[in-house]
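Pasting data12.json here (JSON, C-alpha atoms and all ligand atoms):
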[["chain", "number", "residue", "atom", "x", "y", "z"],
["A", 1, "VAL", "CA", 102.57, 90.13, 96.55],
["A", 2, "GLU", "CA", 105.82, 92.08, 96.46],
["A", 3, "ASN", "CA", 105.52, 92.58, 100.24],
["A", 4, "GLU", "CA", 104.73, 88.92, 100.78],
["A", 5, "PHE", "CA", 107.87, 87.91, 98.93],
["A", 6, "VAL", "CA", 110.01, 90.39, 100.87],
["A", 7, "ASP", "CA", 108.66, 88.88, 104.10],
["A", 8, "TYR", "CA", 109.55, 85.39, 102.85],
["A", 9, "LEU", "CA", 113.02, 86.53, 101.80],
["A", 10, "CYS", "CA", 113.71, 88.16, 105.15],
["A", 11, "SER", "CA", 112.81, 84.91, 106.88],
["A", 12, "GLN", "CA", 115.39, 83.07, 104.73],
["A", 13, "LEU", "CA", 118.29, 85.46, 105.12],
["A", 14, "PRO", "CA", 120.66, 84.78, 108.00],
["A", 15, "PRO", "CA", 121.74, 87.89, 109.89],
["A", 16, "HIS", "CA", 125.03, 89.32, 108.65],
["A", 17, "PRO", "CA", 127.22, 91.65, 110.68],
["A", 18, "LEU", "CA", 127.62, 94.09, 107.78],
["A", 19, "VAL", "CA", 123.88, 94.47, 107.15],
["A", 20, "ARG", "CA", 122.51, 97.16, 109.44],
["A", 21, "ILE", "CA", 119.22, 97.56, 107.59],
["A", 22, "GLY", "CA", 118.19, 94.72, 105.28],
["A", 23, "PRO", "CA", 115.28, 94.21, 102.85],
["A", 24, "GLY", "CA", 112.07, 96.11, 103.54],
["A", 25, "ASP", "CA", 113.17, 99.72, 103.68],
["A", 26, "ASP", "CA", 113.80, 102.03, 100.70],
["A", 27, "ALA", "CA", 117.46, 101.04, 100.70],
["A", 28, "ALA", "CA", 119.88, 98.82, 102.57],
["A", 29, "VAL", "CA", 122.32, 100.23, 105.12],
["A", 30, "LEU", "CA", 125.69, 98.47, 105.25],
["A", 31, "ALA", "CA", 128.60, 98.92, 107.60],
["A", 32, "ALA", "CA", 131.25, 100.34, 105.30],
["A", 33, "GLY", "CA", 134.03, 101.30, 107.66],
["A", 34, "ALA", "CA", 134.91, 101.81, 111.30],
["A", 35, "ASP", "CA", 131.96, 104.07, 111.94],
["A", 36, "GLU", "CA", 130.68, 104.66, 108.47],
["A", 37, "ASP", "CA", 127.61, 103.25, 106.83],
["A", 38, "ALA", "CA", 126.85, 103.00, 103.12],
["A", 39, "VAL", "CA", 123.36, 103.03, 101.67],
["A", 40, "VAL", "CA", 122.63, 100.83, 98.66],
["A", 41, "THR", "CA", 119.53, 100.57, 96.54],
["A", 42, "THR", "CA", 118.56, 99.20, 93.14],
["A", 43, "ASP", "CA", 115.63, 99.60, 90.78],
["A", 44, "LEU", "CA", 114.65, 97.80, 87.63],
["A", 45, "LEU", "CA", 112.74, 99.31, 84.71],
["A", 46, "THR", "CA", 111.37, 97.02, 82.01],
["A", 47, "GLU", "CA", 109.96, 97.93, 78.64],
["A", 48, "GLY", "CA", 106.30, 96.99, 78.46],
["A", 49, "VAL", "CA", 105.87, 97.34, 82.22],
["A", 50, "ASP", "CA", 107.39, 100.70, 83.10],
["A", 51, "PHE", "CA", 107.48, 102.37, 79.70],
["A", 52, "LEU", "CA", 106.93, 101.85, 75.98],
["A", 53, "LEU", "CA", 109.90, 102.76, 73.81],
["A", 54, "ASP", "CA", 107.77, 103.94, 70.91],
["A", 55, "GLU", "CA", 106.02, 106.42, 73.20],
["A", 56, "VAL", "CA", 108.91, 107.80, 75.25],
["A", 57, "ASP", "CA", 112.27, 109.24, 74.34],
["A", 58, "ALA", "CA", 114.95, 106.84, 75.58],
["A", 59, "ARG", "CA", 116.75, 109.76, 77.26],
["A", 60, "ARG", "CA", 113.81, 110.23, 79.59],
["A", 61, "ILE", "CA", 113.88, 106.52, 80.42],
["A", 62, "GLY", "CA", 117.59, 106.69, 81.22],
["A", 63, "ARG", "CA", 117.03, 109.73, 83.38],
["A", 64, "LYS", "CA", 114.18, 108.04, 85.22],
["A", 65, "ALA", "CA", 116.18, 104.86, 85.86],
["A", 66, "LEU", "CA", 118.70, 106.97, 87.74],
["A", 67, "ALA", "CA", 116.18, 109.33, 89.32],
["A", 68, "VAL", "CA", 114.15, 106.56, 91.00],
["A", 69, "ASN", "CA", 117.30, 105.36, 92.74],
["A", 70, "LEU", "CA", 118.17, 108.87, 93.87],
["A", 71, "SER", "CA", 114.66, 109.14, 95.27],
["A", 72, "ASP", "CA", 115.19, 105.99, 97.34],
["A", 73, "LEU", "CA", 118.46, 107.41, 98.67],
["A", 74, "ALA", "CA", 116.61, 110.65, 99.47],
["A", 75, "SER", "CA", 114.03, 108.77, 101.49],
["A", 76, "MET", "CA", 116.90, 107.40, 103.64],
["A", 77, "ALA", "CA", 118.43, 110.92, 103.85],
["A", 78, "ALA", "CA", 121.57, 109.63, 102.13],
["A", 79, "ARG", "CA", 123.80, 111.64, 99.82],
["A", 80, "PRO", "CA", 124.20, 109.89, 96.45],
["A", 81, "GLU", "CA", 127.78, 109.08, 95.54],
["A", 82, "ALA", "CA", 127.95, 106.57, 92.71],
["A", 83, "VAL", "CA", 125.82, 104.31, 90.55],
["A", 84, "VAL", "CA", 126.40, 101.28, 88.39],
["A", 85, "VAL", "CA", 124.13, 100.63, 85.43],
["A", 86, "ALA", "CA", 123.10, 97.26, 84.02],
["A", 87, "LEU", "CA", 121.44, 97.14, 80.60],
["A", 88, "ALA", "CA", 119.82, 94.28, 78.72],
["A", 89, "LEU", "CA", 119.49, 95.83, 75.27],
["A", 90, "PRO", "CA", 117.42, 94.55, 72.38],
["A", 91, "ARG", "CA", 119.93, 93.53, 69.67],
["A", 92, "ALA", "CA", 118.24, 95.63, 66.98],
["A", 93, "GLY", "CA", 119.17, 99.26, 67.51],
["A", 94, "GLY", "CA", 120.78, 98.47, 70.84],
["A", 95, "PHE", "CA", 123.87, 100.61, 70.46],
["A", 96, "ARG", "CA", 121.96, 103.77, 69.64],
["A", 97, "LEU", "CA", 119.49, 103.04, 72.43],
["A", 98, "ALA", "CA", 122.29, 102.67, 74.97],
["A", 99, "VAL", "CA", 123.77, 106.00, 73.88],
["A", 100, "GLU", "CA", 120.43, 107.72, 74.36],
["A", 101, "LEU", "CA", 119.83, 106.14, 77.77],
["A", 102, "TYR", "CA", 123.17, 107.47, 78.95],
["A", 103, "GLU", "CA", 122.43, 110.88, 77.40],
["A", 104, "GLY", "CA", 119.47, 111.03, 79.73],
["A", 105, "MET", "CA", 121.35, 109.78, 82.77],
["A", 106, "LEU", "CA", 124.52, 111.87, 82.57],
["A", 107, "PRO", "CA", 123.07, 115.35, 83.19],
["A", 108, "LEU", "CA", 121.11, 114.14, 86.23],
["A", 109, "ALA", "CA", 124.16, 112.33, 87.61],
["A", 110, "GLU", "CA", 126.16, 115.51, 87.21],
["A", 111, "GLN", "CA", 123.46, 117.59, 88.83],
["A", 112, "PHE", "CA", 123.62, 115.43, 91.94],
["A", 113, "GLY", "CA", 127.38, 114.95, 91.95],
["A", 114, "THR", "CA", 126.93, 111.24, 91.35],
["A", 115, "ALA", "CA", 129.56, 109.17, 89.55],
["A", 116, "ILE", "CA", 128.53, 106.59, 86.99],
["A", 117, "ALA", "CA", 131.12, 104.11, 88.06],
["A", 118, "GLY", "CA", 130.46, 101.02, 85.97],
["A", 119, "GLY", "CA", 127.91, 98.38, 85.15],
["A", 120, "ASP", "CA", 127.18, 95.72, 82.59],
["A", 121, "THR", "CA", 125.85, 95.97, 79.04],
["A", 122, "ASN", "CA", 124.26, 92.87, 77.49],
["A", 123, "SER", "CA", 122.11, 92.29, 74.43],
["A", 124, "TRP", "CA", 119.39, 89.79, 73.74],
["A", 125, "ASP", "CA", 116.27, 89.22, 71.65],
["A", 126, "GLY", "CA", 114.04, 90.61, 74.35],
["A", 127, "ALA", "CA", 112.81, 93.97, 75.57],
["A", 128, "LEU", "CA", 114.94, 96.68, 77.10],
["A", 129, "VAL", "CA", 115.68, 96.17, 80.79],
["A", 130, "ILE", "CA", 117.59, 98.78, 82.72],
["A", 131, "ALA", "CA", 118.75, 98.32, 86.30],
["A", 132, "VAL", "CA", 120.57, 100.98, 88.24],
["A", 133, "THR", "CA", 122.22, 100.40, 91.59],
["A", 134, "ALA", "CA", 123.02, 103.47, 93.62],
["A", 135, "ILE", "CA", 125.35, 103.92, 96.56],
["A", 136, "GLY", "CA", 124.99, 106.76, 99.00],
["A", 137, "ARG", "CA", 126.61, 108.00, 102.16],
["A", 138, "LEU", "CA", 124.82, 108.95, 105.35],
["A", 139, "THR", "CA", 125.33, 112.19, 107.19],
["A", 140, "ASP", "CA", 126.19, 112.16, 110.88],
["A", 141, "ARG", "CA", 122.44, 112.27, 111.53],
["A", 142, "GLY", "CA", 122.22, 108.62, 110.45],
["A", 143, "PRO", "CA", 119.59, 107.04, 108.20],
["A", 144, "LEU", "CA", 115.96, 108.04, 108.00],
["A", 145, "LEU", "CA", 114.03, 104.78, 108.24],
["A", 146, "ARG", "CA", 110.44, 103.68, 107.69],
["A", 147, "SER", "CA", 110.33, 102.20, 111.16],
["A", 148, "GLY", "CA", 110.76, 105.40, 113.18],
["A", 149, "CYS", "CA", 107.16, 106.70, 113.29],
["A", 150, "GLN", "CA", 105.83, 107.43, 116.78],
["A", 151, "VAL", "CA", 102.14, 107.52, 117.64],
["A", 152, "GLY", "CA", 101.11, 111.17, 117.47],
["A", 153, "ASP", "CA", 103.64, 112.12, 114.79],
["A", 154, "ARG", "CA", 102.35, 114.36, 112.03],
["A", 155, "LEU", "CA", 102.72, 113.12, 108.46],
["A", 156, "LEU", "CA", 104.13, 115.75, 106.11],
["A", 157, "VAL", "CA", 104.42, 115.44, 102.36],
["A", 158, "THR", "CA", 106.46, 117.43, 99.84],
["A", 159, "GLY", "CA", 104.94, 118.81, 96.65],
["A", 160, "SER", "CA", 101.62, 117.76, 95.13],
["A", 161, "LEU", "CA", 100.37, 114.34, 94.18],
["A", 162, "GLY", "CA", 98.71, 112.32, 91.45],
["A", 163, "GLY", "CA", 98.64, 112.21, 87.66],
["A", 164, "SER", "CA", 102.35, 111.47, 87.24],
["A", 165, "ILE", "CA", 101.52, 109.49, 84.12],
["A", 166, "ALA", "CA", 101.13, 112.85, 82.33],
["A", 167, "GLY", "CA", 104.90, 113.36, 82.50],
["A", 168, "HIS", "CA", 106.02, 113.83, 86.10],
["A", 169, "GLN", "CA", 106.94, 110.12, 86.24],
["A", 170, "PHE", "CA", 109.85, 110.93, 83.92],
["A", 171, "ASP", "CA", 110.66, 114.52, 84.76],
["A", 172, "PHE", "CA", 110.46, 114.53, 88.56],
["A", 173, "ARG", "CA", 113.30, 115.94, 90.62],
["A", 174, "PRO", "CA", 114.39, 113.42, 93.23],
["A", 175, "ARG", "CA", 114.07, 115.09, 96.64],
["A", 176, "VAL", "CA", 117.67, 114.47, 97.64],
["A", 177, "ASN", "CA", 118.59, 118.01, 98.64],
["A", 178, "GLU", "CA", 115.26, 118.52, 100.37],
["A", 179, "ALA", "CA", 115.71, 115.37, 102.44],
["A", 180, "LEU", "CA", 119.27, 116.27, 103.42],
["A", 181, "GLN", "CA", 118.29, 119.80, 104.36],
["A", 182, "LEU", "CA", 115.34, 118.73, 106.50],
["A", 183, "HIS", "CA", 117.26, 115.88, 108.12],
["A", 184, "ALA", "CA", 120.04, 118.31, 109.07],
["A", 185, "ASP", "CA", 117.84, 121.10, 110.43],
["A", 186, "TYR", "CA", 114.87, 119.26, 111.95],
["A", 187, "GLN", "CA", 114.17, 116.14, 113.92],
["A", 188, "LEU", "CA", 112.57, 113.71, 111.44],
["A", 189, "ASN", "CA", 111.36, 110.40, 112.86],
["A", 190, "ALA", "CA", 110.71, 108.41, 109.67],
["A", 191, "GLY", "CA", 110.41, 108.77, 105.93],
["A", 192, "ILE", "CA", 109.51, 107.08, 102.67],
["A", 193, "ASP", "CA", 109.32, 108.19, 99.04],
["A", 194, "ILE", "CA", 106.05, 107.80, 97.18],
["A", 195, "SER", "CA", 106.80, 105.33, 94.41],
["A", 196, "ASP", "CA", 103.62, 103.26, 94.30],
["A", 197, "GLY", "CA", 100.95, 105.66, 95.57],
["A", 198, "LEU", "CA", 100.46, 107.85, 98.66],
["A", 199, "ALA", "CA", 97.95, 105.53, 100.36],
["A", 200, "LEU", "CA", 99.99, 102.37, 99.78],
["A", 201, "ASP", "CA", 103.31, 103.94, 100.70],
["A", 202, "VAL", "CA", 101.94, 105.59, 103.85],
["A", 203, "SER", "CA", 100.52, 102.22, 104.89],
["A", 204, "ARG", "CA", 104.01, 100.72, 104.35],
["A", 205, "LEU", "CA", 105.61, 103.53, 106.36],
["A", 206, "VAL", "CA", 103.38, 103.15, 109.39],
["A", 207, "GLY", "CA", 103.26, 99.35, 108.99],
["A", 208, "ALA", "CA", 107.06, 99.27, 109.36],
["A", 209, "SER", "CA", 106.63, 101.35, 112.53],
["A", 210, "ASN", "CA", 103.91, 99.10, 114.01],
["A", 211, "CYS", "CA", 101.33, 101.85, 114.04],
["A", 212, "GLY", "CA", 98.61, 103.18, 111.79],
["A", 213, "ALA", "CA", 97.87, 106.44, 109.99],
["A", 214, "VAL", "CA", 94.94, 108.79, 109.74],
["A", 215, "LEU", "CA", 94.88, 110.89, 106.59],
["A", 216, "GLN", "CA", 92.99, 114.18, 106.54],
["A", 217, "LEU", "CA", 91.68, 113.79, 103.01],
["A", 218, "ASP", "CA", 90.78, 117.45, 102.53],
["A", 219, "THR", "CA", 94.41, 118.47, 103.12],
["A", 220, "ILE", "CA", 96.06, 116.20, 100.57],
["A", 221, "PRO", "CA", 97.85, 118.34, 97.98],
["A", 222, "ILE", "CA", 96.46, 117.43, 94.56],
["A", 223, "SER", "CA", 98.54, 118.15, 91.47],
["A", 224, "ASP", "CA", 97.20, 119.94, 88.41],
["A", 225, "ALA", "CA", 97.98, 116.79, 86.46],
["A", 226, "ALA", "CA", 95.68, 114.77, 88.74],
["A", 227, "ARG", "CA", 92.86, 117.28, 88.16],
["A", 228, "CYS", "CA", 93.37, 117.18, 84.39],
["A", 229, "LEU", "CA", 93.45, 113.41, 84.38],
["A", 230, "ALA", "CA", 90.22, 113.17, 86.39],
["A", 231, "LYS", "CA", 88.51, 115.58, 84.02],
["A", 232, "SER", "CA", 89.69, 113.92, 80.81],
["A", 233, "SER", "CA", 89.16, 110.26, 81.66],
["A", 234, "SER", "CA", 85.88, 108.48, 82.18],
["A", 235, "ASP", "CA", 87.01, 105.92, 84.75],
["A", 236, "GLY", "CA", 85.23, 107.76, 87.55],
["A", 237, "GLN", "CA", 88.42, 108.50, 89.49],
["A", 238, "SER", "CA", 88.41, 111.85, 91.27],
["A", 239, "PRO", "CA", 91.48, 114.08, 91.56],
["A", 240, "LEU", "CA", 91.76, 112.86, 95.17],
["A", 241, "ASP", "CA", 91.65, 109.23, 94.02],
["A", 242, "HIS", "CA", 94.59, 109.99, 91.74],
["A", 243, "ALA", "CA", 96.50, 111.76, 94.51],
["A", 244, "LEU", "CA", 95.94, 108.79, 96.84],
["A", 245, "GLY", "CA", 96.53, 105.95, 94.44],
["A", 246, "ASP", "CA", 98.65, 107.01, 91.48],
["A", 247, "GLY", "CA", 102.24, 105.89, 91.71],
["A", 248, "GLU", "CA", 105.48, 107.62, 90.83],
["A", 249, "ASP", "CA", 105.04, 110.97, 92.53],
["A", 250, "PHE", "CA", 108.48, 110.49, 94.07],
["A", 251, "GLU", "CA", 107.64, 112.97, 96.77],
["A", 252, "LEU", "CA", 108.65, 112.37, 100.39],
["A", 253, "VAL", "CA", 106.36, 111.48, 103.28],
["A", 254, "LEU", "CA", 107.92, 112.32, 106.64],
["A", 255, "ALA", "CA", 106.81, 111.52, 110.17],
["A", 256, "VAL", "CA", 107.58, 114.39, 112.52],
["A", 257, "GLU", "CA", 106.78, 114.93, 116.20],
["A", 258, "PRO", "CA", 103.89, 117.47, 116.47],
["A", 259, "ASN", "CA", 105.82, 120.47, 117.85],
["A", 260, "GLU", "CA", 108.62, 119.94, 115.36],
["A", 261, "ALA", "CA", 106.06, 119.56, 112.59],
["A", 262, "ARG", "CA", 104.48, 122.87, 113.59],
["A", 263, "ARG", "CA", 107.89, 124.54, 113.42],
["A", 264, "LEU", "CA", 108.58, 122.94, 110.05],
["A", 265, "MET", "CA", 105.21, 123.96, 108.64],
["A", 266, "ALA", "CA", 105.70, 127.55, 109.83],
["A", 267, "ASP", "CA", 109.24, 127.72, 108.40],
["A", 268, "GLN", "CA", 108.43, 126.13, 105.04],
["A", 269, "PRO", "CA", 112.18, 125.90, 104.46],
["A", 270, "LEU", "CA", 112.05, 124.20, 101.06],
["A", 271, "ASP", "CA", 111.46, 125.50, 97.53],
["A", 272, "VAL", "CA", 108.64, 122.99, 97.38],
["A", 273, "ARG", "CA", 105.65, 123.19, 99.71],
["A", 274, "LEU", "CA", 105.31, 120.88, 102.72],
["A", 275, "THR", "CA", 101.78, 119.85, 103.66],
["A", 276, "ASP", "CA", 100.53, 118.26, 106.87],
["A", 277, "ILE", "CA", 98.22, 115.45, 105.71],
["A", 278, "GLY", "CA", 97.56, 113.48, 108.87],
["A", 279, "SER", "CA", 99.08, 111.66, 111.80],
["A", 280, "CYS", "CA", 100.31, 108.36, 113.15],
["A", 281, "VAL", "CA", 97.88, 106.53, 115.40],
["A", 282, "ASP", "CA", 97.87, 103.51, 117.70],
["A", 283, "GLN", "CA", 95.34, 101.58, 115.68],
["A", 284, "SER", "CA", 97.12, 99.79, 112.83],
["A", 285, "GLY", "CA", 96.02, 100.30, 109.24],
["A", 286, "LEU", "CA", 95.09, 103.30, 107.17],
["A", 287, "TRP", "CA", 92.19, 105.56, 108.13],
["A", 288, "SER", "CA", 90.50, 108.73, 107.02],
["A", 289, "ALA", "CA", 88.98, 111.15, 109.49],
["A", 290, "CYS", "CA", 85.37, 112.24, 109.08],
["A", 291, "PRO", "CA", 84.49, 115.86, 109.93],
["A", 292, "ASP", "CA", 82.88, 114.56, 113.17],
["A", 293, "GLY", "CA", 86.13, 112.86, 114.17],
["A", 294, "ARG", "CA", 85.09, 109.29, 113.37],
["A", 295, "LEU", "CA", 87.68, 107.16, 111.60],
["A", 296, "ILE", "CA", 86.79, 105.10, 108.58],
["A", 297, "PRO", "CA", 89.10, 102.56, 106.92],
["A", 298, "LEU", "CA", 90.92, 103.84, 103.86],
["A", 299, "HIS", "CA", 91.97, 101.35, 101.22],
["A", 300, "PRO", "CA", 95.74, 101.49, 100.59],
["A", 301, "THR", "CA", 95.41, 102.07, 96.85],
["A", 302, "GLY", "CA", 98.53, 102.03, 94.73],
["A", 303, "TYR", "CA", 100.57, 100.00, 92.33],
["A", 304, "GLU", "CA", 101.80, 96.53, 93.26],
["A", 305, "HIS", "CA", 103.67, 94.08, 91.06],
["A", 306, "GLN", "CA", 101.68, 90.87, 90.75],
["A", 307, "LEU", "CA", 103.14, 87.37, 90.85],
["A", 308, "ASP", "CA", 101.19, 84.26, 89.85],
["A", 309, "GLY", "CA", 102.32, 81.30, 91.87],
["B", 1, "MG", "MG", 111.10, 103.86, 97.81]]

Mind turning this structure into structure tokens?
Ligand SMILES: [Mg+2]
Amino acid sequence: VENEFVDYLCSQLPPHPLVRIGPGDDAAVLAAGADEDAVVTTDLLTEGVDFLLDEVDARRIGRKALAVNLSDLASMAARPEAVVVALALPRAGGFRLAVELYEGMLPLAEQFGTAIAGGDTNSWDGALVIAVTAIGRLTDRGPLLRSGCQVGDRLLVTGSLGGSIAGHQFDFRPRVNEALQLHADYQLNAGIDISDGLALDVSRLVGASNCGAVLQLDTIPISDAARCLAKSSSDGQSPLDHALGDGEDFELVLAVEPNEARRLMADQPLDVRLTDIGSCVDQSGLWSACPDGRLIPLHPTGYEHQLDG
């Protein structure tokens, strides 16, 4: 439904000379100067949807609100520069809550050299809503977009996937430095961060590039948290199901031409492991490869916001 609305919105928005990349990617790219582009993204976290205040320390929520934006900048290979923070605070205990949210945000902002440059602080008789808008700058390599996948590209993913609900969803390190390093030293064709689930986000990545993807299911890096979750819950979901469909891994999926991917896989230049999980194919949609080479459709599992009407 979220995608459907974005499609509708795009059809309503007249082209604007400053908008280089509009809705539909991980962030917008705006002409900011003679030959400079700015990258802008925003994310909204709502109590009751994204977290429960009586279960999570507000500092971790503040940190996450910033971190998810940094992850979107990372997926564009942009360097974060500044954020503004909008809060709708519940009136009761709102001051203390705001202090704690910022206590969580400040160390992460400092770590990534990002200024907290302003925002808006309101109160109301509703739940906590926190919206962060982040601004980044591109390197001379330009933006990494969803739409750059070429048929034949390998799909590489950072880290391991699934089970983020056990804590990674709050404590993850946005892959900003990793993205900048890879974008500088290798030829990356396209990228996305995994916010809603590997399968869903890969299908968005290749969908934006007008191609499809085949995932080699036995290569997908499964996190320990995904294995624990599969063992401890009785919903019948395997560790692989969690790796494919759980949201909020905030790892990067990159499309890389095969020879370059081979070089990248051999170098393993990051502190975190890169895994080759599949490739881009002509046939649209998401597929998994059987051992005999046959392709079977793979459902793009993941988290989508629902709208009624
Ligand atoms: Mg994203």

* Mind pulling up the distance from CA of Leu252 (chain A) to CA of Ala117 (chain A)? ->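 Taking CA of Ala117 (chain A) and CA of Leu252 (chain A), their separation equals 26.9 Å.
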
* Kindly provide, as a ChimeraX atom specification, all nucleotide and amino acid residues lying within 7 Å of ligand MG 1 (chain B), counting only C-alpha atoms and all ligand atoms. => /A:26,71-72,75,192-195

Adding 3 Å on each side of the box along x, y and z that holds all listed atoms of region 181-200 of chain A, could you give its centre and edge lengths in Å to one decimal, as lines of an AutoDock Vina configuration file?
center_x = 109.0
center_y = 111.7
center_z = 104.1
size_x = 28.1
size_y = 24.7
size_z = 25.6

* Residues within 6 Å of Ala74 (chain A), all atoms listed in the file, excluding chain neighbours under 6 positions, as a list of chain:residue names ->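 Near neighbours after the sequence-gap exclusion: A:Arg175, A:Val176, A:Ala179.
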
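Among the candidates A:Leu145, A:Leu295, A:Pro90, A:Glu251, the one nearest to Arg204 (chain A) when counting all atoms listed in the file is A:Leu145.
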
* Asked: Smallest atom-to-atom distance to Pro23 (chain A): which of A:Met265, A:Ala208, A:Val157, A:Cys280, using all atoms listed in the file?
  ->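 Looking at the shortest contact to Pro23 (chain A), the residue is A:Ala208.
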
* Pick from A:Ser11, A:Asn259, A:Thr133, A:Gln268, whichever lies nearest to Leu44 (chain A) using only C-alpha atoms -> A:Thr133

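When the distance limit is 12 Å and all atoms listed in the file are what count, the residues near Trp124 (chain A), minus those fewer than 3 positions from it on the same chain, are Leu87, Ala88, Leu89, Pro90, Arg91, Ala92, Gly93, Gly94, Thr121, Ala127, Leu128 and Val129 of chain A.
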
Output for the residues just chosen: C-alpha atoms as a CSV table (one decimal), in the frame of the given file:
chain,number,residue,atom,x,y,z
A,87,LEU,CA,121.4,97.1,80.6
A,88,ALA,CA,119.8,94.3,78.7
A,89,LEU,CA,119.5,95.8,75.3
A,90,PRO,CA,117.4,94.6,72.4
A,91,ARG,CA,119.9,93.5,69.7
A,92,ALA,CA,118.2,95.6,67.0
A,93,GLY,CA,119.2,99.3,67.5
A,94,GLY,CA,120.8,98.5,70.8
A,121,THR,CA,125.8,96.0,79.0
A,127,ALA,CA,112.8,94.0,75.6
A,128,LEU,CA,114.9,96.7,77.1
A,129,VAL,CA,115.7,96.2,80.8

* How far is it from CA of Arg60 (chain A) to CA of Phe170 (chain A), in Å with one decimal? ->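 Computed distance, CA of Arg60 (chain A) to CA of Phe170 (chain A), equals 5.9 Å.
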
* Structure fact -> One residue among A:Gly207, A:Gly309, A:Gly159, A:Gly152 is nearest to Phe250 (chain A) when using all atoms listed in the file, and that residue is A:Gly159

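Note that the spacing between CA of Ala65 (chain A) and CA of Leu138 (chain A) amounts to 21.7 Å.
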
* To do: For Ala255 (chain A), please output as a ChimeraX atom specification all residues within 7 Å (counting only C-alpha atoms; exclusion window: fewer than 4 positions along the same chain).
  => /A:149,153-156,188-191

* **Shell of 10 Å around region 230-243 of chain A, only C-alpha atoms, local chain residues under 6 positions omitted, as a count of residues only** => 18

* Just the residues within 9 Å of Thr42 (chain A), please, counting only C-alpha atoms, with nothing from its chain fewer than 6 positions along; format it as a list in words. =>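 My reading of the contact set: Ala27, Val68, Asn69, Asp72, Ala131, Val132, Thr133, Ala134 and Ile135 of chain A.
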
* Structure fact -> The residue from A:Val39, A:Leu244, A:Val85, A:Leu66 with the smallest atom-to-atom distance to Leu144 (chain A), counting all atoms listed in the file, is A:Val39

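With all atoms listed in the file as the basis for measurement, A:Thr114 is the residue among A:Ser209, A:Gln169, A:Thr114, A:Ser123 that approaches Leu70 (chain A) most closely.
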
Can you complete the atoms of region 90-103 of chain A to N, CA and C atoms and list them as a PDB file, in the frame of the given file?
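result_37.pdb, freshly written:
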ATOM      1  N   PRO A  90     117.860  95.309  73.556  1.00  0.00           N
ATOM      2  CA  PRO A  90     117.420  94.550  72.380  1.00  0.00           C
ATOM      3  C   PRO A  90     118.526  94.648  71.319  1.00  0.00           C
ATOM      4  N   ARG A  91     118.822  93.524  70.635  1.00  0.00           N
ATOM      5  CA  ARG A  91     119.930  93.530  69.670  1.00  0.00           C
ATOM      6  C   ARG A  91     119.733  94.582  68.585  1.00  0.00           C
ATOM      7  N   ALA A  92     118.505  94.668  68.062  1.00  0.00           N
ATOM      8  CA  ALA A  92     118.240  95.630  66.980  1.00  0.00           C
ATOM      9  C   ALA A  92     118.216  97.045  67.554  1.00  0.00           C
ATOM     10  N   GLY A  93     119.124  97.857  67.075  1.00  0.00           N
ATOM     11  CA  GLY A  93     119.170  99.260  67.510  1.00  0.00           C
ATOM     12  C   GLY A  93     119.718  99.454  68.903  1.00  0.00           C
ATOM     13  N   GLY A  94     120.336  98.432  69.442  1.00  0.00           N
ATOM     14  CA  GLY A  94     120.780  98.470  70.840  1.00  0.00           C
ATOM     15  C   GLY A  94     121.847  99.503  71.142  1.00  0.00           C
ATOM     16  N   PHE A  95     122.769  99.674  70.202  1.00  0.00           N
ATOM     17  CA  PHE A  95     123.870 100.610  70.460  1.00  0.00           C
ATOM     18  C   PHE A  95     123.327 102.037  70.612  1.00  0.00           C
ATOM     19  N   ARG A  96     122.515 102.414  69.635  1.00  0.00           N
ATOM     20  CA  ARG A  96     121.960 103.770  69.640  1.00  0.00           C
ATOM     21  C   ARG A  96     121.089 103.987  70.904  1.00  0.00           C
ATOM     22  N   LEU A  97     120.348 102.966  71.241  1.00  0.00           N
ATOM     23  CA  LEU A  97     119.490 103.040  72.430  1.00  0.00           C
ATOM     24  C   LEU A  97     120.328 103.264  73.690  1.00  0.00           C
ATOM     25  N   ALA A  98     121.425 102.532  73.791  1.00  0.00           N
ATOM     26  CA  ALA A  98     122.290 102.670  74.970  1.00  0.00           C
ATOM     27  C   ALA A  98     122.850 104.093  75.056  1.00  0.00           C
ATOM     28  N   VAL A  99     123.248 104.629  73.912  1.00  0.00           N
ATOM     29  CA  VAL A  99     123.770 106.000  73.880  1.00  0.00           C
ATOM     30  C   VAL A  99     122.714 106.969  74.402  1.00  0.00           C
ATOM     31  N   GLU A 100     121.495 106.796  73.955  1.00  0.00           N
ATOM     32  CA  GLU A 100     120.430 107.720  74.360  1.00  0.00           C
ATOM     33  C   GLU A 100     120.079 107.575  75.849  1.00  0.00           C
ATOM     34  N   LEU A 101     120.092 106.344  76.335  1.00  0.00           N
ATOM     35  CA  LEU A 101     119.830 106.140  77.770  1.00  0.00           C
ATOM     36  C   LEU A 101     120.848 106.894  78.611  1.00  0.00           C
ATOM     37  N   TYR A 102     122.115 106.771  78.200  1.00  0.00           N
ATOM     38  CA  TYR A 102     123.170 107.470  78.950  1.00  0.00           C
ATOM     39  C   TYR A 102     123.067 108.988  78.770  1.00  0.00           C
ATOM     40  N   GLU A 103     122.621 109.428  77.601  1.00  0.00           N
ATOM     41  CA  GLU A 103     122.430 110.880  77.400  1.00  0.00           C
ATOM     42  C   GLU A 103     121.397 111.441  78.375  1.00  0.00           C
TER      43      GLU A 103
END
